[in-house]
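Engineer: So here's run_11.cif, just mmCIF, C-alpha atoms; chains and numbers go by the auth columns:
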data_run
loop_
_atom_site.group_PDB
_atom_site.id
_atom_site.type_symbol
_atom_site.label_atom_id
_atom_site.label_comp_id
_atom_site.label_asym_id
_atom_site.label_seq_id
_atom_site.Cartn_x
_atom_site.Cartn_y
_atom_site.Cartn_z
_atom_site.B_iso_or_equiv
_atom_site.auth_seq_id
_atom_site.auth_asym_id
ATOM 1 C CA GLN A 1 -99.375 -205.552 87.114 0.00 256 A
ATOM 2 C CA ALA A 2 -101.072 -208.743 85.940 0.00 257 A
ATOM 3 C CA ALA A 3 -102.478 -209.435 89.407 0.00 258 A
ATOM 4 C CA THR A 4 -103.755 -205.859 89.679 0.00 259 A
ATOM 5 C CA ALA A 5 -105.440 -206.110 86.268 0.00 260 A
ATOM 6 C CA LEU A 6 -107.146 -209.375 87.221 0.00 261 A
ATOM 7 C CA LEU A 7 -108.381 -207.870 90.489 0.00 262 A
ATOM 8 C CA ALA A 8 -109.680 -204.792 88.636 0.00 263 A
ATOM 9 C CA ALA A 9 -111.638 -207.150 86.384 0.00 264 A
ATOM 10 C CA GLY A 10 -113.266 -208.734 89.449 0.00 265 A
ATOM 11 C CA VAL A 11 -111.181 -211.925 89.541 0.00 266 A
ATOM 12 C CA ARG A 12 -110.441 -213.075 93.122 0.00 267 A
ATOM 13 C CA LEU A 13 -109.059 -216.567 92.440 0.00 268 A
ATOM 14 C CA VAL A 14 -106.957 -218.007 89.622 0.00 269 A
ATOM 15 C CA VAL A 15 -106.621 -221.768 89.216 0.00 270 A
ATOM 16 C CA CYS A 16 -103.974 -222.568 86.614 0.00 271 A
ATOM 17 C CA GLU A 17 -101.688 -225.317 85.373 0.00 272 A
ATOM 18 C CA SER A 18 -98.591 -223.527 86.645 0.00 273 A
ATOM 19 C CA ALA A 19 -97.421 -220.061 87.650 0.00 274 A
ATOM 20 C CA SER A 20 -94.051 -218.630 88.574 0.00 275 A
ATOM 21 C CA GLU A 21 -93.259 -218.107 92.238 0.00 276 A
ATOM 22 C CA THR A 22 -92.781 -214.402 91.493 0.00 277 A
ATOM 23 C CA PHE A 23 -96.294 -214.106 90.046 0.00 278 A
ATOM 24 C CA LYS A 24 -97.851 -216.080 92.904 0.00 279 A
ATOM 25 C CA ARG A 25 -96.137 -213.929 95.550 0.00 280 A
ATOM 26 C CA ASN A 26 -97.062 -210.699 93.748 0.00 281 A
ATOM 27 C CA ALA A 27 -100.645 -211.927 93.455 0.00 282 A
ATOM 28 C CA VAL A 28 -100.904 -212.708 97.187 0.00 283 A
ATOM 29 C CA ASN A 29 -99.337 -209.345 98.034 0.00 284 A
ATOM 30 C CA ASN A 30 -102.132 -207.729 96.005 0.00 285 A
ATOM 31 C CA GLY A 31 -104.888 -209.911 97.496 0.00 286 A
ATOM 32 C CA LEU A 32 -105.291 -212.337 94.576 0.00 287 A
ATOM 33 C CA LEU A 33 -105.105 -216.049 95.287 0.00 288 A
ATOM 34 C CA VAL A 34 -103.355 -218.196 92.644 0.00 289 A
ATOM 35 C CA LEU A 35 -103.515 -221.982 92.975 0.00 290 A
ATOM 36 C CA GLU A 36 -101.938 -224.550 90.680 0.00 291 A
ATOM 37 C CA SER A 37 -103.923 -227.579 89.566 0.00 292 A
ATOM 38 C CA PRO A 38 -102.355 -229.252 86.517 0.00 293 A
ATOM 39 C CA ARG A 39 -104.827 -232.145 86.767 0.00 294 A
ATOM 40 C CA LEU A 40 -107.821 -229.786 86.516 0.00 295 A
ATOM 41 C CA VAL A 41 -106.355 -227.928 83.536 0.00 296 A
ATOM 42 C CA GLN A 42 -105.672 -231.235 81.761 0.00 297 A
ATOM 43 C CA TRP A 43 -109.268 -232.323 82.451 0.00 298 A
ATOM 44 C CA LEU A 44 -110.621 -229.024 81.066 0.00 299 A
ATOM 45 C CA ARG A 45 -108.467 -229.317 77.933 0.00 300 A
ATOM 46 C CA LYS A 46 -109.692 -232.840 77.317 0.00 301 A
ATOM 47 C CA ARG A 47 -113.330 -231.835 77.843 0.00 302 A
ATOM 48 C CA PHE A 48 -113.343 -228.669 75.735 0.00 303 A
ATOM 49 C CA GLN A 49 -110.564 -229.089 73.176 0.00 304 A
ATOM 50 C CA SER A 50 -111.605 -229.491 69.561 0.00 305 A
ATOM 51 C CA PRO A 51 -110.144 -228.377 66.217 0.00 306 A
ATOM 52 C CA ASP A 52 -112.789 -225.645 65.853 0.00 307 A
ATOM 53 C CA ALA A 53 -112.797 -224.507 69.499 0.00 308 A
ATOM 54 C CA ALA A 54 -112.583 -220.801 70.206 0.00 309 A
ATOM 55 C CA PRO A 55 -109.457 -219.537 72.022 0.00 310 A
ATOM 56 C CA THR A 56 -111.645 -218.636 75.003 0.00 311 A
ATOM 57 C CA ILE A 57 -114.497 -220.865 76.094 0.00 312 A
ATOM 58 C CA VAL A 58 -117.178 -220.038 78.633 0.00 313 A
ATOM 59 C CA SER A 59 -117.602 -223.476 80.160 0.00 314 A
ATOM 60 C CA GLY A 60 -120.902 -222.926 81.959 0.00 315 A
ATOM 61 C CA LEU A 61 -119.455 -224.792 84.929 0.00 316 A
ATOM 62 C CA ASP A 62 -119.564 -223.534 88.501 0.00 317 A
ATOM 63 C CA ALA A 63 -116.499 -223.993 90.701 0.00 318 A
ATOM 64 C CA HIS A 64 -116.958 -224.733 94.393 0.00 319 A
ATOM 65 C CA VAL A 65 -113.635 -224.198 96.158 0.00 320 A
ATOM 66 C CA GLY A 66 -112.898 -225.419 99.673 0.00 321 A
ATOM 67 C CA LEU A 67 -109.698 -223.640 100.642 0.00 322 A
ATOM 68 C CA VAL A 68 -109.446 -225.206 104.093 0.00 323 A
ATOM 69 C CA ALA A 69 -109.999 -228.713 102.730 0.00 324 A
ATOM 70 C CA GLY A 70 -107.908 -228.079 99.598 0.00 325 A
ATOM 71 C CA LYS A 71 -110.686 -229.251 97.280 0.00 326 A
ATOM 72 C CA ILE A 72 -112.383 -228.038 94.111 0.00 327 A
ATOM 73 C CA GLN A 73 -115.599 -229.336 92.619 0.00 328 A
ATOM 74 C CA LEU A 74 -117.050 -228.349 89.253 0.00 329 A
ATOM 75 C CA THR A 75 -120.772 -228.662 88.638 0.00 330 A
ATOM 76 C CA ASP A 76 -122.755 -228.290 85.449 0.00 331 A
ATOM 77 C CA SER A 77 -125.873 -226.147 84.981 0.00 332 A
ATOM 78 C CA SER A 78 -128.065 -228.865 86.523 0.00 333 A
ATOM 79 C CA GLY A 79 -125.901 -228.960 89.659 0.00 334 A
ATOM 80 C CA THR A 80 -124.374 -232.327 88.802 0.00 335 A
ATOM 81 C CA SER A 81 -120.773 -232.763 89.885 0.00 336 A
ATOM 82 C CA VAL A 82 -118.551 -233.281 86.840 0.00 337 A
ATOM 83 C CA TYR A 83 -115.124 -232.926 88.461 0.00 338 A
ATOM 84 C CA ASP A 84 -113.677 -233.335 91.967 0.00 339 A
ATOM 85 C CA GLY A 85 -110.042 -232.595 92.653 0.00 340 A
ATOM 86 C CA ASP A 86 -107.417 -231.395 95.066 0.00 341 A
ATOM 87 C CA LEU A 87 -105.947 -227.915 95.372 0.00 342 A
ATOM 88 C CA PRO A 88 -102.833 -226.861 97.229 0.00 343 A
ATOM 89 C CA ARG A 89 -103.477 -225.621 100.739 0.00 344 A
ATOM 90 C CA ILE A 90 -102.233 -222.170 101.584 0.00 345 A
ATOM 91 C CA GLY A 91 -100.377 -221.152 104.709 0.00 346 A
ATOM 92 C CA LYS A 92 -101.795 -219.053 107.522 0.00 347 A
ATOM 93 C CA ALA A 93 -99.813 -215.922 106.598 0.00 348 A
ATOM 94 C CA ALA A 94 -100.988 -216.048 102.971 0.00 349 A
ATOM 95 C CA GLN A 95 -104.568 -216.612 104.146 0.00 350 A
ATOM 96 C CA GLU A 96 -104.406 -213.529 106.356 0.00 351 A
ATOM 97 C CA ILE A 97 -102.989 -211.403 103.535 0.00 352 A
ATOM 98 C CA ILE A 98 -105.678 -212.575 101.096 0.00 353 A
ATOM 99 C CA VAL A 99 -108.478 -211.919 103.616 0.00 354 A
ATOM 100 C CA ALA A 100 -107.066 -208.450 104.309 0.00 355 A
ATOM 101 C CA GLY A 101 -107.136 -207.657 100.584 0.00 356 A
ATOM 102 C CA GLY A 102 -103.363 -207.606 100.150 0.00 357 A
ATOM 103 C CA LEU A 103 -100.128 -207.071 102.023 0.00 358 A
ATOM 104 C CA GLU A 104 -100.503 -203.304 102.340 0.00 359 A
ATOM 105 C CA ASN A 105 -103.910 -203.676 104.009 0.00 360 A
ATOM 106 C CA TRP A 106 -102.593 -206.470 106.239 0.00 361 A
ATOM 107 C CA VAL A 107 -99.660 -204.299 107.437 0.00 362 A
ATOM 108 C CA ARG A 108 -101.947 -201.303 107.914 0.00 363 A
ATOM 109 C CA ALA A 109 -104.338 -203.352 110.088 0.00 364 A
ATOM 110 C CA ARG A 110 -101.492 -204.790 112.193 0.00 365 A
ATOM 111 C CA MET A 111 -99.997 -201.342 112.766 0.00 366 A
ATOM 112 C CA ALA A 112 -103.392 -199.911 113.755 0.00 367 A
ATOM 113 C CA ALA A 113 -103.857 -202.724 116.276 0.00 368 A
ATOM 114 C CA GLN A 114 -100.645 -201.775 118.127 0.00 369 A
#
Let's see the structure in the file written out as C-alpha cells.
Structural biologist:
Amino acid sequence: QAATALLAAGVRLVVCESASETFKRNAVNNGLLVLESPRLVQWLRKRFQSPDAAPTIVSGLDAHVGLVAGKIQLTDSSGTSVYDGDLPRIGKAAQEIIVAGGLENWVRARMAAQ
C-alpha cells in the first residue's frame, strides 16, 4: 500500500538509504522505482541536519537522474551542480515493468500482443 500511496501523491521515483526487498519488488510491481543510495542520504543529512531543523525539509535542489548510466546529479536553484553520485542500475525486466506503469499493465500489454 505504501507504493500505491506514493504513486497517488505523484511520486514516480524514490531514492533512499535502504529499503526492504519486499518493498522494492512491490513498488516495481506497481510502477514505482525505488533506488538505494546510502551515500546520497548521508550527504543530504550532513548538508541539512541541524538541531533546529524541521522533520521535513524542502531542499530546493533539483535531481537529474540518468537511469541508463546509473547516475544522479543534484543542482541548486542557480543550476550549479552540488552533488554527483552513482545509483544502482536496474534490470531490463524491471525497466519494462516501470515503463508499462506496473506489472499488471505489462502483463496486459504482452497478452494483447499475442
Engineer: Quick one: everything within 10 Å of Leu358 in chain A, counting all atoms listed in the file, minus sequence neighbours fewer than 2 positions away in the same chain. Send it as a PyMOL selection string.
Structural biologist: chain A and resi 281-286+348-349+351-356+360-364
Engineer: Could you name the residues that touch Leu295 in chain A at 10 Å or less, counting all atoms listed in the file, but leaving out those on the same chain fewer than 5 positions away, as an MDAnalysis selection string?
Structural biologist: chainID A and resid 270:272 300:301 327:329 338:342
Engineer: Applying 12 Å and only C-alpha atoms, which residues near Ala258 in chain A remain after dropping the ones on its own chain fewer than 4 positions away? List them as a PyMOL selection string.
Structural biologist: chain A and resi 262-269+274+277-289+357
Engineer: From the list A:Ala260, A:Leu299, A:Leu316, A:Leu322, which residue is nearest Gly334 in chain A when using all atoms listed in the file?
Structural biologist: A:Leu316
Engineer: For the file shown, report as a list in words the outcome of the PyMOL selection byres ((chain A and resi 343) around 8) at residue level.
Structural biologist: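 Against this file, the PyMOL selection byres ((chain A and resi 343) around 8) returns the residues Leu290, Glu291, Ser292, Gly325, Asp341, Leu342, Arg344 and Ile345 of chain A.
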Engineer: For the atom pair CA of His319 in chain A and CA of Asp331 in chain A, what is the interatomic distance in Å to one decimal place?
Structural biologist: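 Atom-to-atom, CA of His319 in chain A and CA of Asp331 in chain A are spaced 11.2 Å apart.
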Engineer: Of the candidates A:Val323, A:Glu276, A:Trp298, A:Ala367, which shows the shortest atom-to-atom distance to Gln350 in chain A, using only C-alpha atoms?
Structural biologist: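 Nearest candidate to Gln350 in chain A out of A:Val323, A:Glu276, A:Trp298, A:Ala367: A:Val323.
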Engineer: Provide the CA of Lys347 in chain A to CA of Arg365 in chain A distance in Å, to one decimal place.
Structural biologist: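 CA of Arg365 in chain A lies at a distance of 15.0 Å from CA of Lys347 in chain A.
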Engineer: Please, what distance in Å, to one decimal, runs between CA of Gly346 in chain A and CA of Lys326 in chain A?
Structural biologist: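 These atoms are spaced 15.1 Å apart.
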